[in-house]
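Visitor: Provided herewith is a single structure, encoded as structure tokens, for subsequent inquiry.
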Amino acid sequence: MVWFDVCSVDDLQPDSGICALVQEQQIAVFYFASSQNVYALSNFDPFGQANVLSRGLIGDINGQPIVASPLYKQHFNLLTGQCLEDADVRIPAYAAQIVNGRVQVSW
Amino acid sequence: MKPTLVVIGNGMVGQNFLAGFVQTAAAADYHIVTFCEEPRPAYDRVHLSEFFSGKTAADLSLVEDGFFQQHNITLHLGDRAAAIDRDAKTVTSAKGVSIHYDKLVLATGSYPFMPPVPGHDRDNCLVYRTIEDLEAMTAAAQTGKVGVVVGGGLLGLEAAKALKDLGLETHVVEFAPRLMAVQIDEGGGAVLRRKIEALGVTVHTNKNTTQIIGGSTCVNKMCFADGEELETDVVLFSAGIRPRDDIARACGLEIGQRGGIVINNHCQTSDPDIYAIGECALWNGMIFGLVAPGYAMARTVIAELTSGEAHFTGADMSTKLKLMGVDVASIGDAHARTQGALVYHYQNGASEVYKRLVVSSDNKRLLGAVLVGDAAEYGTLLQYCQNGIELPENPESLILPRLSGEPAGLGPDALPASAQICSCYDVSKGAICDAVAAGCTTVNALKAETKAGTGCGGCVPLLKSVLNCELAKHGYEVNTDICEHFAYTRQDLYNLIRIGEIKTFAELLAKHGKGHGCEICKPAVGSILASHWNDYILKQEHLGLQDTNDTFLANMQKDGTYSVVPRIAGGEITPDGLIAIGQVGKKYNLYTKITGGQRIDLFGARLEQLPAIWQELVDAGFETGHAYGKSLRTVKSCVGSTWCRFGVDDSVGLAIELENRYKGLRAPHKIKFGVSGCTRECAEAQGKDVGVIATENGWSLYVCGNGGMKPRHADLFATGLDKATLIKYIDRFLIFYVRTADRLQRTSVWVENMEGGLDYLKSVVIDDKLGLSDELEAQMARVVDTYQCEWKTTIENEDKLKRFRQFVNSDLPDDNIVFVEERGQIRPANEDERKHFKIMEVA
Ligand code: SRM
Ligand SMILES: Cc1cc2nc3c(=O)[nH]c(=O)nc-3n(C[C@H](O)[C@H](O)[C@H](O)COP(=O)(O)OP(=O)(O)OC[C@H]3O[C@@H](n4cnc5c(N)ncnc54)[C@H](O)[C@@H]3O)c2cc1C
Ligand code: SF4
Ligand code: FES
């Protein structure tokens with residue numbers, strides 16, 4: 001498993017998202033401050049056809065961590081990329097971790 | 001050939017008859033024709049006064065679109081039936097139509113009685129019955145200052161309210177020694193009088209008008225038998241109704257001594273092929289001046305024509321009304337005329353409440369009641385009376401105040417299934433229970449399904465309690481939780497935050513919620529925190545709560561770019577301001593457009609461009625326009641008295657002052673204002689959450705209007721205001737909205753859902769019923785004092801600017817954003833264009 005360096009923990013926005021360019025891919029990275037969990041998804045919203053998911057609101061629904069698209073409010077599971085409203089839609093999800101104050105993602 | 005059924009009069013009862021008849025199988029056997037004298041088909045006369053609070057003729061219509069066509073009914077609109085020939089069985093109209101009938105239904109209603117006082121036909125002497133009457137009143141009120149209603153009955157008081165709302169100094173002149181002499185007793189009348197007078201209406205009882213002549217300060221002068229005089233511009237007669245029995249009389253039908261077409265228990269006139277229903281009909285020596293008995297007559301005739309067995313056996317004349325904000329109700333034998341009747345009184349001088357119960361001599365049955373000032377028990381008492389339910393041992397307990405707060409009286413469970421809940425539409429408790437079982441779980445659904453509650457509205461509280469009781473039986477829980485993270489309503493959360501002095505989402509979640517939150521509770525709590533504490537919206541602990549528009553202080557567009565809207569208060573902008581905005585638009589190659597809110601929107605800004613764009617705008621003296629926030633948007637103005645030849649006051653000046661006062665206030669949803677300089681209303685203030693219109697007598701305030709998906713005309717809230725009072729009312733109104741509305745609820749929906757509606761809102765804001773006004777004003781003062789331009793704060797804060805970039809780790813732009821040119825400006829490329837056309841260089 002190759003881990004790509006993304007940014008410093010200080011670049012993260014607590015309880016919110018940021019976007020990074022990793023290997024020419026737009027990756028949205030979300031940070032839950034209370035649990036210090038990080039999650040990474042593709043930044044591309046397949047419904048709105050725009051790179052905006054990092055700017056969505058995050059939270060949980062039935063215990064699953066989710067982001068709601070800022071455009072049309074569909075929810076995506078942060079672990080799997082599965083869309084909650086449409087079983088046929090699943091976006092790329094990436095492994096993410098914090099090591100020595102650096103954020104890393106992998107696929 | 002099919003037999004012909006002719007209905008003369010398309011008023012409330014005539015239309016109710018048609019609507020009911022076409023539902024029956026027998027309708028197909030008839031050719032149906034109706035004559036409607038008025039220029040429009042039936043409308044809701046009961047709610048006629050709402051015409052003054054903005055309802056249009058269309059809103060009041062009782063006829064569904066396409067009704068006549070769909071049911072093959074020939075409608076002769078604006079044509080009066082002039083004569084009936086009973087031998088030839090024909091009806092001839094004023095316009096010359098002549099039609100043969102097999103069955104004839106007279107539903108000609110009544111006309112307002114004009115006392116034969118000399119001068120009653122002078123200018124501005126009006127009546128109150130049709131939409132045209134109301135239009136005439138509005139016109140007369142525009143040039144007048146004083147209005148007098150002749151007649152202090154139910155309708156007279158309603159008319160007085162209308163005159164008051166039109167901004168006139170209002171008087172009621174009553175011949176009898178008390179108001180509403182027919183419905184309520186002396187004690188009730190006295191309380192009612194004090195209440196009405198407290199509202200600024202002068203009441204004159206025992207007054208006999210002898211003549212009306214020209215006035216010196218007003219158009220007219222009324223002279224009374226006791227030698228007194230009263231100058232007035234408008235005289236409105238509301239001295240009772242007289243049945244319209246003219247054509248029945250002319251064709252020889254039996255007419256009562258004092259008028260009215262005599263009918264039997266089948267609603268048949270003295271000619272068995274002719275029926276009469278509604279206010280024109282005289283049954284058992286009685287004319288019923290209410291709709292419910294008319295509807296009962298309509299049902300009787302429908303049953304007659306479809307060979308069902310039905311009898312009209314009289315009708316209940318109980319009424320409940322809100323007159324000028326005063327609850328008044330009368331049930332059954334209010335005057336205790338029944339032999340041996342016992343009477344109980346309750347009177348509370350301080351809060352001006354009067355109640356009276358009339359019970360049978362054995363103390364077991366309720367015969368009648370009068371309630372003034374508080375009619376909460378109306379529904380319960382009516383059920384006791386109508387269903388003959390045995391009274392509790394101490395009947396007075398039904399009208400004594402319940403100090404424990406427990407609702408007394410009958411639960412809906414105590415009512416038999418046959419109990420009539422809605423008398424306007426004759427809907428029984430059983431029918432409501434059936435509808436609930438079939439899936440109606442809201443009052444609105446029940447209204448649509450059963451029509452209950454859609455007439456006078458008096459039964460709605462009872463309807464609601466039957467509904468709740470049934471829902472509980474079916475195991476439904478009425479869930480009002482905001483989302484899975486908080487088992488509270490928005491208002492609960494507001495109170496928890498205010499009383500617990502909670503300042504962050506994390507703290508609220510720890511104390512009162514569970515999980516991490518979601519896109520429903522986070523922005524709602526973010527908005528409450530912002531409304532109450534008015535912190536900088538991008539403070540670290542609030543940042544994750546906001547929708548993207550709020551976190552980036554701009555509106556996200558379909559392609560992920562943003563729009564920029566500087567505040568242009570009142571729509572007033574200098575040429576230099578226009579040039580500055582133009583220069584920014586040009587420099588950053590933004591699409592520019594004038595918005596529907598009288599300002600300029602710049603579209604197509606990339607996330608990373610926002611700070612630089614705003615730096616230039618702030619340097620040029622602009623502030624954020626909060627186009628992204630659930631907050632004050634714009635105060636639209638017309639040019640007003642400064643330039644306009646009709647302007648009465650400086651609407652632009654007031655609009656700017658209001659916009660600057662309330663800018664930045666975070667609310668459950670966006671808020672829009674309008675200020676017009678005169679009643680021509682060029683700023684469309686009556687379509688706004690808060691609308692202000694200049695009049696000769698001061699500012700008129702309208703509230704709870706809405707454009708958008710479901711337009712709502714604003715309600716007139718107060719008139720003749722000076723600026724200080726106006727602002728005081730708006731302060732209270734807005735904070736009360738902020739505190740009590742549901743999330744994403746505009747003021748229009750909020751007031752529609754409010755128990756007590758507009759009257760309640762007035763009692764809180766104007767009369768300070770809850771004793772909250774100081775607190776509400778203080779809260780607004782805090783918000784006003786702590787205003788900051790969020791964009792100015794943001795561009796001065798290095799740390800906050802870090803977020804305004806596409807990538808944390810790169811300065812490259814988002815290559816998915818592509819523009820093409822159209823009409824000399826950019827726009828987002830569509831999918832085809834991305835593939836095939838030459839792509840413009842990104843700025
Ligand atoms: C830009 C503008 C259209 C224009 O080009 O003229 C506009 C644009 C949007 N309107 Fe609007 N509305 C604009 C004036 C209006 C008006 C007219 C007015 O204010 O006089 C109305 C009807 C009046 C009213 O609100 O009562 C209006 C009723 C709505 C509604 C329906 C609200 C409702 O209660 O039914 C929505 C949807 C909502 O808020 O949920 C909406 C939502 C929106 C959104 C936020 C849709 C969205 O989520 O993207 C658009 C944001 C555009 C942006 O990025 O700025 N917009 N919108 C106008 C901005 C005015 C301004 O200067 O701030
Ligand atoms: C302001 C106001 C408030 C009221 N509030 C209440 C209330 O709260 N509760 C309540 O129960 N009742 C109330 N009423 C009374 C209620 O409106 C009447 O009881 C009801 O309208 C009677 O219906 P109707 O069809 O008999 O008469 P109308 O509604 O008057 O209809 C009769 C129609 O027949 C037409 N017509 C007459 N003669 C002819 C002809 N020869 N040819 C063709 N057309 C003809 C008339 O123009 C009219 O349109 C109120 C009335 C008013 C004016
Ligand atoms: S009307 Fe619809 S499309 Fe037009 S600006 Fe408003 S929300 Fe957007
Ligand atoms: S009683 Fe009038 S609407 Fe139900």
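Lettering and numbering for the structure tokens are positional, with chains as A, B, ... in the shown order, residues counted from 1 in each chain, and ligands counted from 1 in the shown order.
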When you look at segment 84-88 of chain A with a cut-off of 7 Å (counting only C-alpha atoms), what residues show up, excluding the ones that are within fewer than 4 positions of it in the same chain? I need them as a tab-separated table (two decimals) with all heavy atoms, in the first residue's frame.
Guide:
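Produced file result-v1.tsv, reproduced below:
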chain	number	residue	atom	x	y	z
A	74	GLN	N	-27.27	15.33	-1.93
A	74	GLN	CA	-27.18	13.89	-1.76
A	74	GLN	C	-26.11	13.58	-0.72
A	74	GLN	O	-25.14	14.31	-0.58
A	74	GLN	CB	-26.78	13.19	-3.08
A	74	GLN	CG	-27.83	13.23	-4.16
A	74	GLN	CD	-27.71	14.46	-5.02
A	74	GLN	OE1	-26.86	15.33	-4.78
A	74	GLN	NE2	-28.54	14.54	-6.03
A	75	HIS	N	-26.29	12.45	-0.02
A	75	HIS	CA	-25.32	12.05	1.00
A	75	HIS	C	-24.40	10.96	0.46
A	75	HIS	O	-24.86	10.06	-0.24
A	75	HIS	CB	-26.03	11.49	2.23
A	75	HIS	CG	-26.94	12.47	2.88
A	75	HIS	ND1	-28.28	12.56	2.60
A	75	HIS	CD2	-26.70	13.43	3.81
A	75	HIS	CE1	-28.82	13.53	3.32
A	75	HIS	NE2	-27.88	14.08	4.05
A	76	PHE	N	-23.13	11.03	0.82
A	76	PHE	CA	-22.19	9.97	0.46
A	76	PHE	C	-21.53	9.45	1.72
A	76	PHE	O	-21.12	10.23	2.59
A	76	PHE	CB	-21.11	10.52	-0.49
A	76	PHE	CG	-21.68	11.01	-1.79
A	76	PHE	CD1	-22.04	12.35	-1.94
A	76	PHE	CD2	-21.89	10.14	-2.86
A	76	PHE	CE1	-22.59	12.81	-3.13
A	76	PHE	CE2	-22.43	10.61	-4.06
A	76	PHE	CZ	-22.79	11.94	-4.20
Visitor: Please check which protein, DNA or RNA residues sit within 12 Å of ligand 3, counting only C-alpha atoms and all ligand atoms, and write them as a list in words.
Guide: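 Checked against 12 Å with only C-alpha atoms and all ligand atoms; the hits are Asn555, Met556, Gln557, Lys558, Ser563, Lys593, Ile594, Thr595, Gly596, Gly597, Asp601, Phe603, Ala627, Gly707, Gly708 and Met709 of chain B.
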Visitor: Quick one: write out the picked residues with all heavy atoms as a compact mmCIF listing (two decimals), in the first residue's frame?
Guide:
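Contents of selection13.txt, as written:
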# COMPACT_ATOMS: atom_id res chain seq x y z
N ASN B 555 -22.54 32.62 -2.91
CA ASN B 555 -23.48 31.58 -3.32
C ASN B 555 -22.87 30.65 -4.35
O ASN B 555 -22.45 31.10 -5.42
CB ASN B 555 -24.73 32.20 -3.92
CG ASN B 555 -25.49 33.05 -2.93
OD1 ASN B 555 -24.88 33.81 -2.17
ND2 ASN B 555 -26.78 32.92 -2.92
N MET B 556 -22.86 29.36 -4.05
CA MET B 556 -22.29 28.41 -4.99
C MET B 556 -23.21 28.25 -6.20
O MET B 556 -24.43 28.10 -6.06
CB MET B 556 -22.09 27.05 -4.32
CG MET B 556 -21.46 26.05 -5.27
SD MET B 556 -21.30 24.42 -4.53
CE MET B 556 -19.74 24.58 -3.70
N GLN B 557 -22.62 28.26 -7.38
CA GLN B 557 -23.39 28.07 -8.61
C GLN B 557 -23.23 26.63 -9.11
O GLN B 557 -22.47 25.86 -8.56
CB GLN B 557 -22.92 29.07 -9.68
CG GLN B 557 -23.01 30.52 -9.22
CD GLN B 557 -24.43 30.93 -8.86
OE1 GLN B 557 -25.37 30.67 -9.59
NE2 GLN B 557 -24.60 31.56 -7.70
N LYS B 558 -23.90 26.31 -10.20
CA LYS B 558 -23.97 24.92 -10.64
C LYS B 558 -22.62 24.30 -10.95
O LYS B 558 -22.44 23.10 -10.82
CB LYS B 558 -24.90 24.80 -11.85
CG LYS B 558 -24.44 25.64 -13.04
CD LYS B 558 -25.56 25.86 -14.04
CE LYS B 558 -25.75 24.66 -14.93
NZ LYS B 558 -26.75 24.96 -15.98
N SER B 563 -21.13 33.34 -6.70
CA SER B 563 -21.59 34.67 -7.07
C SER B 563 -21.27 35.64 -5.94
O SER B 563 -21.15 35.24 -4.78
CB SER B 563 -23.09 34.66 -7.34
OG SER B 563 -23.79 34.53 -6.13
N LYS B 593 -25.27 40.84 -13.62
CA LYS B 593 -26.73 40.87 -13.84
C LYS B 593 -27.39 41.66 -12.72
O LYS B 593 -26.96 41.61 -11.57
CB LYS B 593 -27.27 39.43 -13.82
CG LYS B 593 -28.77 39.36 -13.98
CD LYS B 593 -29.30 37.94 -13.96
CE LYS B 593 -30.82 37.95 -14.18
NZ LYS B 593 -31.54 38.69 -13.14
N ILE B 594 -28.45 42.40 -13.08
CA ILE B 594 -29.27 43.05 -12.06
C ILE B 594 -30.20 41.99 -11.49
O ILE B 594 -30.88 41.29 -12.24
CB ILE B 594 -30.14 44.17 -12.68
CG1 ILE B 594 -29.32 45.13 -13.53
CG2 ILE B 594 -30.94 44.91 -11.61
CD1 ILE B 594 -28.41 46.03 -12.80
N THR B 595 -30.26 41.86 -10.19
CA THR B 595 -31.09 40.82 -9.59
C THR B 595 -32.52 41.30 -9.41
O THR B 595 -32.83 42.47 -9.59
CB THR B 595 -30.58 40.43 -8.20
OG1 THR B 595 -30.88 41.51 -7.30
CG2 THR B 595 -29.11 40.13 -8.19
N GLY B 596 -33.37 40.34 -9.01
CA GLY B 596 -34.75 40.68 -8.68
C GLY B 596 -34.83 41.45 -7.37
O GLY B 596 -35.91 41.88 -6.98
N GLY B 597 -33.72 41.61 -6.68
CA GLY B 597 -33.73 42.30 -5.38
C GLY B 597 -33.10 43.68 -5.47
O GLY B 597 -32.61 44.19 -4.47
N ASP B 601 -25.49 41.31 -9.17
CA ASP B 601 -24.86 40.04 -8.85
C ASP B 601 -23.73 39.81 -9.85
O ASP B 601 -23.89 40.06 -11.05
CB ASP B 601 -25.91 38.92 -8.97
CG ASP B 601 -25.57 37.71 -8.12
OD1 ASP B 601 -24.38 37.55 -7.78
OD2 ASP B 601 -26.50 36.92 -7.82
N PHE B 603 -21.31 36.90 -11.23
CA PHE B 603 -21.23 35.44 -11.22
C PHE B 603 -19.93 34.94 -11.81
O PHE B 603 -19.32 35.60 -12.65
CB PHE B 603 -22.38 34.83 -12.03
CG PHE B 603 -23.74 35.05 -11.44
CD1 PHE B 603 -24.43 36.22 -11.69
CD2 PHE B 603 -24.35 34.07 -10.66
CE1 PHE B 603 -25.69 36.42 -11.16
CE2 PHE B 603 -25.62 34.27 -10.15
CZ PHE B 603 -26.29 35.44 -10.39
N ALA B 627 -26.23 37.67 0.54
CA ALA B 627 -27.07 36.94 -0.42
C ALA B 627 -27.01 35.45 -0.12
O ALA B 627 -27.86 34.69 -0.56
CB ALA B 627 -26.60 37.19 -1.84
N GLY B 707 -43.05 36.01 -1.97
CA GLY B 707 -43.12 35.73 -3.41
C GLY B 707 -42.80 34.26 -3.55
O GLY B 707 -43.30 33.44 -2.81
N GLY B 708 -41.96 33.93 -4.50
CA GLY B 708 -41.43 32.58 -4.56
C GLY B 708 -42.45 31.53 -4.91
O GLY B 708 -43.39 31.77 -5.65
N MET B 709 -42.25 30.33 -4.33
CA MET B 709 -43.02 29.17 -4.77
C MET B 709 -44.49 29.27 -4.48
O MET B 709 -45.32 28.84 -5.25
CB MET B 709 -42.48 27.92 -4.07
CG MET B 709 -41.07 27.60 -4.49
SD MET B 709 -40.39 26.31 -3.46
CE MET B 709 -39.26 27.21 -2.45
Visitor: Show me which residues line ligand 1, defined as having an atom within 9 Å of a ligand atom where only C-alpha atoms and all ligand atoms count, and present them as a ChimeraX atom specification.
Guide: /A:71-72 /B:549,554-558,562-568,593-603,625-628,630,633-636,669-674,684,687-689,705-712,744-749
Visitor: With the cut-off set at 10 Å and counting only C-alpha atoms, tabulate each residue of chain B with an atom at most that distance from an atom of chain A, showing the nearest atom pair and its distance in Å to one decimal, ordered by chain and increasing number, as JSON lines.
Guide:
{"residue": "B:Cys483", "atom": "CA", "partner": "A:Ile61", "partner_atom": "CA", "distance": 9.6}
{"residue": "B:Glu484", "atom": "CA", "partner": "A:Ile61", "partner_atom": "CA", "distance": 7.7}
{"residue": "B:His485", "atom": "CA", "partner": "A:Ile61", "partner_atom": "CA", "distance": 8.8}
{"residue": "B:Ala506", "atom": "CA", "partner": "A:Ser34", "partner_atom": "CA", "distance": 8.9}
{"residue": "B:Gly515", "atom": "CA", "partner": "A:Asp60", "partner_atom": "CA", "distance": 6.7}
{"residue": "B:His516", "atom": "CA", "partner": "A:Gly59", "partner_atom": "CA", "distance": 5.2}
{"residue": "B:Gly517", "atom": "CA", "partner": "A:Gly59", "partner_atom": "CA", "distance": 4.9}
{"residue": "B:Cys518", "atom": "CA", "partner": "A:Gly59", "partner_atom": "CA", "distance": 4.4}
{"residue": "B:Glu519", "atom": "CA", "partner": "A:Leu57", "partner_atom": "CA", "distance": 5.7}
{"residue": "B:Ile520", "atom": "CA", "partner": "A:Leu57", "partner_atom": "CA", "distance": 9.4}
{"residue": "B:Cys521", "atom": "CA", "partner": "A:Gly59", "partner_atom": "CA", "distance": 9.7}
{"residue": "B:Lys522", "atom": "CA", "partner": "A:Leu57", "partner_atom": "CA", "distance": 8.3}
{"residue": "B:Pro523", "atom": "CA", "partner": "A:Leu57", "partner_atom": "CA", "distance": 9.0}
{"residue": "B:Gln540", "atom": "CA", "partner": "A:Pro14", "partner_atom": "CA", "distance": 7.9}
{"residue": "B:Glu541", "atom": "CA", "partner": "A:Pro14", "partner_atom": "CA", "distance": 8.3}
{"residue": "B:His542", "atom": "CA", "partner": "A:Asp15", "partner_atom": "CA", "distance": 9.5}
{"residue": "B:Leu543", "atom": "CA", "partner": "A:Ser16", "partner_atom": "CA", "distance": 7.7}
{"residue": "B:Gly544", "atom": "CA", "partner": "A:Ser16", "partner_atom": "CA", "distance": 5.1}
{"residue": "B:Leu545", "atom": "CA", "partner": "A:Leu57", "partner_atom": "CA", "distance": 7.3}
{"residue": "B:Gln546", "atom": "CA", "partner": "A:Leu57", "partner_atom": "CA", "distance": 7.4}
{"residue": "B:Asp547", "atom": "CA", "partner": "A:Leu57", "partner_atom": "CA", "distance": 6.5}
{"residue": "B:Thr548", "atom": "CA", "partner": "A:Arg55", "partner_atom": "CA", "distance": 5.8}
{"residue": "B:Asn549", "atom": "CA", "partner": "A:Pro70", "partner_atom": "CA", "distance": 8.5}
{"residue": "B:Thr551", "atom": "CA", "partner": "A:Arg55", "partner_atom": "CA", "distance": 8.6}
{"residue": "B:Phe552", "atom": "CA", "partner": "A:Arg55", "partner_atom": "CA", "distance": 9.1}
{"residue": "B:Met556", "atom": "CA", "partner": "A:Leu71", "partner_atom": "CA", "distance": 7.6}
{"residue": "B:Gln557", "atom": "CA", "partner": "A:Leu71", "partner_atom": "CA", "distance": 8.0}
{"residue": "B:Lys558", "atom": "CA", "partner": "A:Gly48", "partner_atom": "CA", "distance": 6.7}
{"residue": "B:Asp559", "atom": "CA", "partner": "A:Ala50", "partner_atom": "CA", "distance": 5.3}
{"residue": "B:Gly560", "atom": "CA", "partner": "A:Ala50", "partner_atom": "CA", "distance": 5.8}
{"residue": "B:Thr561", "atom": "CA", "partner": "A:Val52", "partner_atom": "CA", "distance": 9.2}
{"residue": "B:Lys802", "atom": "CA", "partner": "A:Asp11", "partner_atom": "CA", "distance": 8.4}
{"residue": "B:Arg803", "atom": "CA", "partner": "A:Ile18", "partner_atom": "CA", "distance": 7.8}
{"residue": "B:Phe804", "atom": "CA", "partner": "A:Ile18", "partner_atom": "CA", "distance": 9.9}
{"residue": "B:Arg805", "atom": "CA", "partner": "A:Cys19", "partner_atom": "CA", "distance": 8.7}
{"residue": "B:Gln806", "atom": "CA", "partner": "A:Cys19", "partner_atom": "CA", "distance": 6.5}
{"residue": "B:Phe807", "atom": "CA", "partner": "A:Ala20", "partner_atom": "CA", "distance": 4.6}
{"residue": "B:Val808", "atom": "CA", "partner": "A:Ala20", "partner_atom": "CA", "distance": 5.3}
{"residue": "B:Asn809", "atom": "CA", "partner": "A:Ala20", "partner_atom": "CA", "distance": 5.8}
{"residue": "B:Ser810", "atom": "CA", "partner": "A:Leu21", "partner_atom": "CA", "distance": 6.7}
{"residue": "B:Asp811", "atom": "CA", "partner": "A:Leu21", "partner_atom": "CA", "distance": 9.6}
{"residue": "B:Leu812", "atom": "CA", "partner": "A:Leu21", "partner_atom": "CA", "distance": 8.8}
{"residue": "B:Asp814", "atom": "CA", "partner": "A:Asn51", "partner_atom": "CA", "distance": 7.6}
{"residue": "B:Asp815", "atom": "CA", "partner": "A:Asn51", "partner_atom": "CA", "distance": 9.4}
{"residue": "B:Asn816", "atom": "CA", "partner": "A:Ala50", "partner_atom": "CA", "distance": 7.0}
{"residue": "B:Ile817", "atom": "CA", "partner": "A:Ala50", "partner_atom": "CA", "distance": 7.9}
{"residue": "B:Glu831", "atom": "CA", "partner": "A:Gln49", "partner_atom": "CA", "distance": 9.7}
Visitor: List as an NGL selection string the protein and nucleic acid residues lying within 6 Å of ligand 2, with only C-alpha atoms and all ligand atoms counted.
Guide: :B and (8-14 or 35-38 or 45-46 or 48-49 or 80-82 or 107-110 or 128-129 or 155 or 278-279 or 289-292 or 456)
Visitor: Could the residues in this selection be saved with N, CA and C atoms as a short mmCIF file (atom, residue, chain, number, x, y, z; two decimals), in the first residue's frame?
Guide:
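Contents of again_2.cif, freshly written:
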data_model
loop_
_atom_site.label_atom_id
_atom_site.label_comp_id
_atom_site.auth_asym_id
_atom_site.auth_seq_id
_atom_site.Cartn_x
_atom_site.Cartn_y
_atom_site.Cartn_z
N ILE B 8 -81.58 29.61 -9.28
CA ILE B 8 -81.46 31.07 -9.36
C ILE B 8 -80.63 31.56 -8.18
N GLY B 9 -79.50 32.17 -8.48
CA GLY B 9 -78.60 32.66 -7.45
C GLY B 9 -77.42 31.73 -7.30
N ASN B 10 -76.22 32.24 -7.60
CA ASN B 10 -75.02 31.44 -7.40
C ASN B 10 -74.21 32.08 -6.27
N GLY B 11 -74.81 32.08 -5.09
CA GLY B 11 -74.10 32.55 -3.89
C GLY B 11 -73.58 31.35 -3.14
N MET B 12 -73.35 31.53 -1.84
CA MET B 12 -72.74 30.45 -1.07
C MET B 12 -73.61 29.20 -1.07
N VAL B 13 -74.91 29.38 -0.87
CA VAL B 13 -75.78 28.22 -0.75
C VAL B 13 -76.10 27.62 -2.12
N GLY B 14 -76.35 28.48 -3.11
CA GLY B 14 -76.61 27.98 -4.46
C GLY B 14 -75.45 27.13 -4.95
N PHE B 35 -78.46 30.91 -12.82
CA PHE B 35 -78.35 32.35 -13.04
C PHE B 35 -77.57 32.99 -11.91
N CYS B 36 -76.54 33.73 -12.28
CA CYS B 36 -75.70 34.37 -11.28
C CYS B 36 -75.71 35.86 -11.56
N GLU B 37 -76.32 36.61 -10.68
CA GLU B 37 -76.47 38.04 -10.91
C GLU B 37 -75.15 38.78 -10.78
N GLU B 38 -74.31 38.34 -9.86
CA GLU B 38 -73.04 39.04 -9.65
C GLU B 38 -72.09 38.78 -10.81
N ARG B 45 -68.49 34.61 1.26
CA ARG B 45 -68.91 35.84 1.92
C ARG B 45 -68.51 35.84 3.39
N VAL B 46 -68.47 34.66 4.00
CA VAL B 46 -68.12 34.56 5.41
C VAL B 46 -66.73 35.17 5.66
N LEU B 48 -65.36 37.41 3.74
CA LEU B 48 -65.29 38.59 2.89
C LEU B 48 -64.31 39.63 3.43
N SER B 49 -64.29 39.79 4.74
CA SER B 49 -63.45 40.84 5.32
C SER B 49 -61.97 40.61 5.04
N ARG B 80 -79.41 38.49 -14.12
CA ARG B 80 -80.39 38.30 -13.06
C ARG B 80 -81.66 37.65 -13.60
N ALA B 81 -82.14 36.66 -12.87
CA ALA B 81 -83.44 36.09 -13.25
C ALA B 81 -84.50 37.13 -12.91
N ALA B 82 -85.28 37.55 -13.90
CA ALA B 82 -86.17 38.69 -13.68
C ALA B 82 -87.61 38.25 -13.41
N ALA B 107 -82.16 30.39 -4.71
CA ALA B 107 -81.08 30.58 -3.72
C ALA B 107 -80.63 32.02 -3.86
N THR B 108 -81.59 32.92 -3.69
CA THR B 108 -81.32 34.32 -4.00
C THR B 108 -80.75 35.12 -2.83
N GLY B 109 -80.61 34.46 -1.67
CA GLY B 109 -79.94 35.12 -0.55
C GLY B 109 -80.72 36.29 0.02
N SER B 110 -79.99 37.29 0.46
CA SER B 110 -80.64 38.43 1.08
C SER B 110 -79.93 39.70 0.67
N TYR B 128 -72.44 46.36 3.15
CA TYR B 128 -71.33 45.42 3.28
C TYR B 128 -71.82 44.02 2.93
N ARG B 129 -71.80 43.68 1.66
CA ARG B 129 -72.30 42.35 1.33
C ARG B 129 -71.51 41.70 0.18
N LEU B 155 -72.27 41.52 12.06
CA LEU B 155 -71.70 42.04 10.83
C LEU B 155 -71.20 43.46 10.98
N GLY B 278 -81.35 28.72 1.72
CA GLY B 278 -80.45 29.80 2.11
C GLY B 278 -81.20 30.95 2.75
N GLU B 279 -80.63 32.11 2.64
CA GLU B 279 -81.15 33.26 3.37
C GLU B 279 -82.46 33.82 2.81
N GLY B 289 -79.66 33.58 9.11
CA GLY B 289 -78.63 34.43 8.50
C GLY B 289 -77.23 33.87 8.60
N LEU B 290 -77.10 32.58 8.53
CA LEU B 290 -75.78 31.94 8.61
C LEU B 290 -75.67 30.89 7.51
N VAL B 291 -74.45 30.50 7.18
CA VAL B 291 -74.34 29.56 6.07
C VAL B 291 -74.71 28.14 6.44
N ALA B 292 -74.38 27.70 7.65
CA ALA B 292 -74.59 26.29 7.97
C ALA B 292 -76.05 25.86 7.77
N CYS B 456 -66.43 28.26 8.27
CA CYS B 456 -66.16 29.38 9.17
C CYS B 456 -64.87 29.16 9.95
#
Visitor: As an exercise, work out the distance from atom CA of Val525 of chain B to atom CA of Phe736 of chain B in Å and give it to one decimal place.
Guide: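 Answer for the atom CA of Val525 of chain B to atom CA of Phe736 of chain B separation: 16.8 Å.
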Visitor: At a cut-off of 12 Å around ligand 4, and using only C-alpha atoms and all ligand atoms, what residues come up? Please write them as a PyMOL selection string.
Guide: chain B and resi 44+46-47+290-293+295+316-321+378-379+382-383+420-429+432+443+446-447+450-464
